[in-house]
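With TSV, N, CA, C and O atoms inside, this is run26.tsv:
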```tsv
chain	number	residue	atom	x	y	z
A	775	GLY	N	56.04	46.21	39.18
A	775	GLY	CA	56.27	45.24	40.20
A	775	GLY	C	57.75	45.06	40.50
A	775	GLY	O	58.60	45.79	39.99
A	776	MET	N	58.04	44.12	41.34
A	776	MET	CA	59.41	43.87	41.77
A	776	MET	C	60.33	43.56	40.59
A	776	MET	O	61.44	44.08	40.50
A	777	ILE	N	59.86	42.72	39.68
A	777	ILE	CA	60.70	42.33	38.54
A	777	ILE	C	61.03	43.55	37.68
A	777	ILE	O	62.17	43.72	37.25
A	778	GLU	N	60.04	44.40	37.43
A	778	GLU	CA	60.28	45.60	36.62
A	778	GLU	C	61.31	46.50	37.28
A	778	GLU	O	62.18	47.07	36.60
A	779	GLN	N	61.23	46.66	38.60
A	779	GLN	CA	62.18	47.50	39.33
A	779	GLN	C	63.59	46.93	39.24
A	779	GLN	O	64.56	47.67	39.00
A	780	ILE	N	63.72	45.63	39.41
A	780	ILE	CA	65.04	44.98	39.32
A	780	ILE	C	65.60	45.15	37.91
A	780	ILE	O	66.78	45.49	37.72
A	781	ASN	N	64.77	44.95	36.89
A	781	ASN	CA	65.23	45.11	35.51
A	781	ASN	C	65.66	46.54	35.23
A	781	ASN	O	66.67	46.77	34.55
A	782	ALA	N	64.92	47.51	35.74
A	782	ALA	CA	65.26	48.92	35.51
A	782	ALA	C	66.62	49.25	36.10
A	782	ALA	O	67.43	49.94	35.47
A	783	VAL	N	66.89	48.74	37.29
A	783	VAL	CA	68.19	48.98	37.92
A	783	VAL	C	69.29	48.27	37.15
A	783	VAL	O	70.33	48.85	36.84
A	784	ALA	N	69.05	47.01	36.80
A	784	ALA	CA	70.08	46.20	36.12
A	784	ALA	C	70.42	46.75	34.73
A	784	ALA	O	71.56	46.64	34.28
A	785	THR	N	69.43	47.34	34.05
A	785	THR	CA	69.66	47.82	32.68
A	785	THR	C	69.84	49.33	32.61
A	785	THR	O	69.93	49.88	31.52
A	786	HIS	N	69.88	49.99	33.77
A	786	HIS	CA	70.01	51.45	33.82
A	786	HIS	C	68.90	52.12	33.01
A	786	HIS	O	69.12	53.13	32.35
A	787	GLY	N	67.71	51.52	33.04
A	787	GLY	CA	66.56	52.11	32.37
A	787	GLY	C	66.47	51.84	30.88
A	787	GLY	O	65.55	52.30	30.22
A	788	LEU	N	67.41	51.10	30.31
A	788	LEU	CA	67.35	50.78	28.88
A	788	LEU	C	66.27	49.73	28.63
A	788	LEU	O	66.01	48.87	29.47
A	789	HIS	N	65.66	49.78	27.46
A	789	HIS	CA	64.63	48.81	27.09
A	789	HIS	C	65.09	48.07	25.84
A	789	HIS	O	65.16	48.65	24.76
A	790	PRO	N	65.44	46.80	25.97
A	790	PRO	CA	65.91	46.05	24.80
A	790	PRO	C	64.79	45.87	23.78
A	790	PRO	O	63.60	45.87	24.13
A	791	ASP	N	65.17	45.72	22.52
A	791	ASP	CA	64.19	45.46	21.47
A	791	ASP	C	63.56	44.09	21.64
A	791	ASP	O	62.42	43.87	21.28
A	792	LEU	N	64.34	43.14	22.17
A	792	LEU	CA	63.83	41.79	22.36
A	792	LEU	C	64.50	41.16	23.58
A	792	LEU	O	65.71	41.27	23.76
A	793	THR	N	63.69	40.53	24.40
A	793	THR	CA	64.19	39.78	25.55
A	793	THR	C	63.75	38.34	25.37
A	793	THR	O	62.57	38.07	25.13
A	794	ALA	N	64.70	37.41	25.46
A	794	ALA	CA	64.38	35.99	25.37
A	794	ALA	C	64.26	35.43	26.78
A	794	ALA	O	65.16	35.58	27.59
A	795	LEU	N	63.11	34.83	27.06
A	795	LEU	CA	62.86	34.20	28.35
A	795	LEU	C	62.80	32.70	28.15
A	795	LEU	O	61.90	32.18	27.48
A	796	LEU	N	63.80	31.99	28.69
A	796	LEU	CA	63.81	30.54	28.62
A	796	LEU	C	63.07	30.05	29.85
A	796	LEU	O	63.60	30.12	30.96
A	797	ASP	N	61.86	29.59	29.67
A	797	ASP	CA	60.98	29.24	30.78
A	797	ASP	C	61.10	27.76	31.13
A	797	ASP	O	61.09	26.90	30.24
A	798	LEU	N	61.21	27.50	32.43
A	798	LEU	CA	61.28	26.13	32.94
A	798	LEU	C	60.45	26.04	34.21
A	798	LEU	O	60.35	27.01	34.96
A	799	PRO	N	59.90	24.87	34.51
A	799	PRO	CA	59.32	24.68	35.83
A	799	PRO	C	60.42	24.91	36.88
A	799	PRO	O	61.59	24.59	36.64
A	800	VAL	N	60.04	25.47	38.01
A	800	VAL	CA	61.02	25.82	39.04
A	800	VAL	C	61.90	24.64	39.43
A	800	VAL	O	63.13	24.77	39.51
A	801	ASP	N	61.32	23.48	39.65
A	801	ASP	CA	62.13	22.34	40.10
A	801	ASP	C	63.17	21.94	39.06
A	801	ASP	O	64.30	21.59	39.39
A	802	VAL	N	62.81	22.03	37.80
A	802	VAL	CA	63.75	21.68	36.72
A	802	VAL	C	64.89	22.70	36.67
A	802	VAL	O	66.06	22.35	36.58
A	803	GLY	N	64.52	23.98	36.73
A	803	GLY	CA	65.54	25.03	36.68
A	803	GLY	C	66.51	24.95	37.84
A	803	GLY	O	67.73	25.09	37.65
A	804	LEU	N	65.99	24.73	39.03
A	804	LEU	CA	66.86	24.64	40.20
A	804	LEU	C	67.77	23.41	40.12
A	804	LEU	O	68.94	23.48	40.48
A	805	ALA	N	67.23	22.30	39.65
A	805	ALA	CA	68.04	21.09	39.51
A	805	ALA	C	69.17	21.32	38.51
A	805	ALA	O	70.31	20.89	38.74
A	806	ARG	N	68.88	22.02	37.42
A	806	ARG	CA	69.93	22.31	36.44
A	806	ARG	C	70.99	23.21	37.04
A	806	ARG	O	72.18	23.00	36.86
A	807	ALA	N	70.55	24.26	37.72
A	807	ALA	CA	71.49	25.23	38.27
A	807	ALA	C	72.39	24.60	39.31
A	807	ALA	O	73.61	24.79	39.30
A	808	THR	N	71.81	23.83	40.22
A	808	THR	CA	72.62	23.24	41.28
A	808	THR	C	73.42	22.05	40.77
A	808	THR	O	74.41	21.67	41.38
A	809	GLY	N	73.03	21.48	39.65
A	809	GLY	CA	73.81	20.40	39.05
A	809	GLY	C	75.10	20.89	38.45
A	809	GLY	O	76.07	20.15	38.31
A	810	MET	N	75.14	22.20	38.08
A	810	MET	CA	76.34	22.77	37.46
A	810	MET	C	77.33	23.32	38.48
A	810	MET	O	78.50	23.44	38.21
A	811	ARG	N	76.82	23.69	39.66
A	811	ARG	CA	77.68	24.29	40.68
A	811	ARG	C	76.96	24.22	42.02
A	811	ARG	O	75.80	23.86	42.08
A	812	GLN	N	77.62	24.64	43.06
A	812	GLN	CA	76.99	24.67	44.38
A	812	GLN	C	75.92	25.77	44.40
A	812	GLN	O	76.14	26.86	43.85
A	813	ALA	N	74.77	25.49	44.99
A	813	ALA	CA	73.68	26.46	45.02
A	813	ALA	C	74.12	27.74	45.74
A	813	ALA	O	74.74	27.69	46.79
A	814	ASP	N	73.79	28.89	45.14
A	814	ASP	CA	74.09	30.16	45.80
A	814	ASP	C	72.91	30.58	46.67
A	814	ASP	O	71.90	29.88	46.76
A	815	ARG	N	73.03	31.73	47.30
A	815	ARG	CA	71.99	32.20	48.23
A	815	ARG	C	70.64	32.34	47.53
A	815	ARG	O	69.60	32.00	48.08
A	816	PHE	N	70.66	32.83	46.31
A	816	PHE	CA	69.43	33.01	45.54
A	816	PHE	C	68.77	31.66	45.27
A	816	PHE	O	67.57	31.50	45.44
A	817	GLU	N	69.56	30.70	44.86
A	817	GLU	CA	69.01	29.38	44.51
A	817	GLU	C	68.51	28.62	45.72
A	817	GLU	O	67.68	27.72	45.59
A	818	ARG	N	69.00	28.97	46.91
A	818	ARG	CA	68.54	28.30	48.13
A	818	ARG	C	67.23	28.87	48.66
A	818	ARG	O	66.70	28.38	49.66
A	819	GLN	N	66.68	29.88	48.00
A	819	GLN	CA	65.39	30.45	48.43
A	819	GLN	C	64.30	29.39	48.29
A	819	GLN	O	64.42	28.43	47.53
A	820	ASP	N	63.21	29.61	49.00
A	820	ASP	CA	62.05	28.73	48.98
A	820	ASP	C	61.53	28.59	47.54
A	820	ASP	O	61.51	29.57	46.80
A	821	PRO	N	61.08	27.40	47.14
A	821	PRO	CA	60.54	27.22	45.78
A	821	PRO	C	59.39	28.19	45.46
A	821	PRO	O	59.24	28.60	44.32
A	822	ASP	N	58.60	28.57	46.46
A	822	ASP	CA	57.52	29.53	46.21
A	822	ASP	C	58.07	30.87	45.74
A	822	ASP	O	57.48	31.54	44.90
A	823	PHE	N	59.21	31.27	46.30
A	823	PHE	CA	59.87	32.51	45.87
A	823	PHE	C	60.22	32.41	44.39
A	823	PHE	O	59.95	33.33	43.60
A	824	HIS	N	60.82	31.31	44.00
A	824	HIS	CA	61.22	31.13	42.60
A	824	HIS	C	60.00	31.10	41.68
A	824	HIS	O	60.05	31.62	40.57
A	825	GLU	N	58.91	30.52	42.14
A	825	GLU	CA	57.69	30.49	41.32
A	825	GLU	C	57.13	31.90	41.15
A	825	GLU	O	56.66	32.26	40.08
A	826	ARG	N	57.20	32.73	42.20
A	826	ARG	CA	56.73	34.12	42.08
A	826	ARG	C	57.59	34.89	41.08
A	826	ARG	O	57.08	35.67	40.28
A	827	VAL	N	58.91	34.66	41.14
A	827	VAL	CA	59.81	35.32	40.18
A	827	VAL	C	59.47	34.86	38.77
A	827	VAL	O	59.35	35.68	37.84
A	828	ARG	N	59.28	33.56	38.59
A	828	ARG	CA	58.94	33.02	37.27
A	828	ARG	C	57.66	33.66	36.75
A	828	ARG	O	57.59	34.12	35.61
A	829	GLN	N	56.63	33.68	37.59
A	829	GLN	CA	55.35	34.26	37.17
A	829	GLN	C	55.49	35.75	36.88
A	829	GLN	O	54.85	36.27	35.96
A	830	GLY	N	56.34	36.45	37.61
A	830	GLY	CA	56.58	37.86	37.34
A	830	GLY	C	57.14	38.08	35.96
A	830	GLY	O	56.71	38.97	35.22
A	831	TYR	N	58.10	37.25	35.58
A	831	TYR	CA	58.68	37.37	34.23
A	831	TYR	C	57.66	36.99	33.16
A	831	TYR	O	57.58	37.64	32.11
A	832	LEU	N	56.88	35.96	33.40
A	832	LEU	CA	55.87	35.56	32.41
A	832	LEU	C	54.82	36.65	32.24
A	832	LEU	O	54.35	36.89	31.12
A	833	GLU	N	54.47	37.34	33.32
A	833	GLU	CA	53.52	38.45	33.23
A	833	GLU	C	54.10	39.60	32.42
A	833	GLU	O	53.41	40.19	31.58
A	834	LEU	N	55.37	39.93	32.66
A	834	LEU	CA	56.03	40.97	31.87
A	834	LEU	C	56.02	40.60	30.40
A	834	LEU	O	55.73	41.45	29.53
A	835	ALA	N	56.34	39.36	30.10
A	835	ALA	CA	56.37	38.92	28.71
A	835	ALA	C	54.99	39.02	28.07
A	835	ALA	O	54.87	39.36	26.89
A	836	GLU	N	53.95	38.73	28.84
A	836	GLU	CA	52.59	38.82	28.31
A	836	GLU	C	52.18	40.27	28.08
A	836	GLU	O	51.56	40.59	27.08
A	837	GLN	N	52.58	41.16	28.98
A	837	GLN	CA	52.23	42.58	28.86
A	837	GLN	C	52.91	43.24	27.67
A	837	GLN	O	52.37	44.15	27.06
A	838	GLU	N	54.13	42.80	27.35
A	838	GLU	CA	54.89	43.39	26.25
A	838	GLU	C	55.29	42.30	25.26
A	838	GLU	O	56.46	42.14	24.92
A	839	ALA	N	54.29	41.59	24.76
A	839	ALA	CA	54.54	40.41	23.91
A	839	ALA	C	55.41	40.74	22.70
A	839	ALA	O	56.18	39.90	22.25
A	840	GLY	N	55.33	41.94	22.18
A	840	GLY	CA	56.12	42.31	21.01
A	840	GLY	C	57.60	42.43	21.30
A	840	GLY	O	58.41	42.41	20.38
A	841	ARG	N	57.96	42.56	22.57
A	841	ARG	CA	59.38	42.74	22.93
A	841	ARG	C	59.94	41.53	23.67
A	841	ARG	O	61.06	41.58	24.17
A	842	TRP	N	59.18	40.46	23.74
A	842	TRP	CA	59.63	39.25	24.43
A	842	TRP	C	59.39	38.04	23.55
A	842	TRP	O	58.42	37.99	22.80
A	843	VAL	N	60.25	37.07	23.68
A	843	VAL	CA	60.00	35.75	23.11
A	843	VAL	C	60.17	34.76	24.27
A	843	VAL	O	61.21	34.75	24.93
A	844	VAL	N	59.12	34.02	24.55
A	844	VAL	CA	59.15	33.03	25.62
A	844	VAL	C	59.33	31.66	24.98
A	844	VAL	O	58.55	31.27	24.11
A	845	VAL	N	60.37	30.97	25.41
A	845	VAL	CA	60.71	29.68	24.82
A	845	VAL	C	60.72	28.62	25.93
A	845	VAL	O	61.24	28.86	27.02
A	846	ASP	N	60.15	27.49	25.63
A	846	ASP	CA	60.16	26.36	26.56
A	846	ASP	C	61.60	25.88	26.73
A	846	ASP	O	62.21	25.35	25.80
A	847	GLY	N	62.16	26.09	27.91
A	847	GLY	CA	63.55	25.75	28.18
A	847	GLY	C	63.82	24.25	28.23
A	847	GLY	O	64.97	23.84	28.34
A	848	GLU	N	62.76	23.43	28.15
A	848	GLU	CA	62.96	21.98	28.12
A	848	GLU	C	63.12	21.45	26.70
A	848	GLU	O	63.38	20.27	26.52
A	849	LEU	N	62.97	22.31	25.70
A	849	LEU	CA	63.17	21.89	24.31
A	849	LEU	C	64.65	21.63	24.06
A	849	LEU	O	65.51	22.15	24.77
A	850	PRO	N	64.96	20.85	23.04
A	850	PRO	CA	66.37	20.64	22.68
A	850	PRO	C	67.03	21.99	22.35
A	850	PRO	O	66.38	22.89	21.80
A	851	PRO	N	68.32	22.13	22.70
A	851	PRO	CA	69.01	23.41	22.47
A	851	PRO	C	68.88	23.95	21.04
A	851	PRO	O	68.74	25.15	20.83
A	852	GLU	N	68.93	23.06	20.05
A	852	GLU	CA	68.83	23.52	18.65
A	852	GLU	C	67.48	24.17	18.39
A	852	GLU	O	67.38	25.16	17.65
A	853	GLN	N	66.44	23.63	18.98
A	853	GLN	CA	65.09	24.18	18.78
A	853	GLN	C	64.94	25.51	19.52
A	853	GLN	O	64.33	26.44	19.00
A	854	VAL	N	65.52	25.61	20.71
A	854	VAL	CA	65.51	26.87	21.46
A	854	VAL	C	66.19	27.95	20.63
A	854	VAL	O	65.66	29.05	20.45
A	855	THR	N	67.35	27.63	20.09
A	855	THR	CA	68.10	28.59	19.27
A	855	THR	C	67.28	29.01	18.05
A	855	THR	O	67.20	30.20	17.73
A	856	ALA	N	66.67	28.06	17.37
A	856	ALA	CA	65.89	28.36	16.16
A	856	ALA	C	64.71	29.27	16.49
A	856	ALA	O	64.43	30.22	15.75
A	857	LEU	N	64.03	29.02	17.59
A	857	LEU	CA	62.88	29.85	17.96
A	857	LEU	C	63.30	31.28	18.29
A	857	LEU	O	62.62	32.24	17.93
A	858	ILE	N	64.43	31.43	18.95
A	858	ILE	CA	64.91	32.78	19.26
A	858	ILE	C	65.34	33.50	17.99
A	858	ILE	O	64.99	34.66	17.76
A	859	TRP	N	66.08	32.82	17.11
A	859	TRP	CA	66.52	33.43	15.87
A	859	TRP	C	65.34	33.84	14.99
A	859	TRP	O	65.40	34.85	14.28
A	860	GLN	N	64.28	33.07	15.05
A	860	GLN	CA	63.08	33.38	14.28
A	860	GLN	C	62.56	34.78	14.63
A	860	GLN	O	62.10	35.52	13.76
A	861	ARG	N	62.61	35.14	15.91
A	861	ARG	CA	62.16	36.46	16.35
A	861	ARG	C	63.25	37.52	16.23
A	861	ARG	O	62.97	38.70	16.05
A	862	LEU	N	64.51	37.12	16.36
A	862	LEU	CA	65.62	38.06	16.36
A	862	LEU	C	66.02	38.52	14.97
A	862	LEU	O	66.33	39.69	14.76
A	863	ALA	N	66.01	37.62	14.01
A	863	ALA	CA	66.49	37.94	12.66
A	863	ALA	C	65.82	39.17	12.05
A	863	ALA	O	66.51	40.04	11.52
A	864	PRO	N	64.48	39.30	12.10
A	864	PRO	CA	63.86	40.51	11.52
A	864	PRO	C	64.33	41.81	12.19
A	864	PRO	O	64.44	42.84	11.53
A	865	LEU	N	64.66	41.76	13.47
A	865	LEU	CA	65.14	42.96	14.15
A	865	LEU	C	66.53	43.35	13.67
A	865	LEU	O	66.85	44.53	13.57
A	866	LEU	N	67.35	42.36	13.36
A	866	LEU	CA	68.70	42.63	12.89
A	866	LEU	C	68.70	43.15	11.45
A	866	LEU	O	69.62	43.86	11.05
A	867	GLU	N	67.67	42.79	10.69
A	867	GLU	CA	67.61	43.19	9.28
A	867	GLU	C	67.02	44.57	9.07
A	867	GLU	O	67.29	45.20	8.05
A	868	ARG	N	66.24	45.07	10.02
A	868	ARG	CA	65.59	46.36	9.79
A	868	ARG	C	66.59	47.50	9.99
A	868	ARG	O	67.46	47.45	10.83
A	869	PRO	N	66.42	48.56	9.16
A	869	PRO	CA	67.33	49.70	9.27
A	869	PRO	C	67.11	50.45	10.58
A	869	PRO	O	66.01	50.52	11.07
A	870	ARG	N	68.17	51.00	11.10
A	870	ARG	CA	68.11	51.77	12.35
A	870	ARG	C	67.91	53.23	12.07
A	870	ARG	O	68.37	53.81	11.20
```
Since I need it in another form, could you write the structure as structure tokens?
Amino acid sequence: GMIEQINAVATHGLHPDLTALLDLPVDVGLARATGMRQADRFERQDPDFHERVRQGYLELAEQEAGRWVVVDGELPPEQVTALIWQRLAPLLERPR
């Protein structure tokens, strides 16, 4: 799909061992982004567009669950960090 094509171009075809997806409802994510700076062209897109992008990433994460960690972006930062480290630490410890 569109998300896979964009990722392939952005990563030059590389596949990370783990991708962390901080998931938020569209309205919350947009409010956070525009609260930090002036909205850019991407952020000014229709909310339906952002929801399609969100669902695209969630579908990718579901298809390749072993290579993704989806974390509720509304959790406290310390909890977000702990959940990501929980999945990342074993990858850093295994021999290459």
Quick one: of A:Ala835, A:Thr855, A:Leu788, A:Asp801, who's nearest to A:Pro821, counting all atoms listed in the file? A:Asp801
With only C-alpha atoms as the counted atoms, please give the residues lying no more than 12 Å from A:Leu832, apart from itself and same-chain residues fewer than 6 positions off, as a PyMOL selection string. chain A and resi 777-778+793-799+825-826+838-839+842-846
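Atom O of A:Gly840 lies 4.4 Å from atom O of A:Asp791.
A straight line drawn from atom O of A:Val802 to atom O of A:Gly847 is 8.4 Å long.
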Within 8 Å of (62.8, 41.6, 44.5), only C-alpha atoms: residues as a ChimeraX atom specification? /A:776-777,779-780
Could you check how far atom CA of A:Arg861 sits from atom CA of A:Pro790, in Å to one decimal? 13.3 Å
Could you pull out the residues in stretch 783-862 of chain A that DSSP calls strand (DSSP E or B) from the backbone, as number ranges by chain? A: 793-797, 842-846
Restricting to only N, CA, C and O atoms, whichever of A:Pro864, A:Pro850, A:Gly803, A:Gly775 is closest to A:Gly830 is A:Gly775
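Of the listed residues A:Leu866, A:Leu792, A:Ile858, A:Val827, the one whose atoms come nearest to A:Arg841 is A:Leu792, with distances taken using all atoms listed in the file.
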Just list the residues in chain A DSSP gives helix (DSSP H, G or I) on the backbone, as a ChimeraX atom specification. /A:776-784,800-810,821-837,839-841,851-867
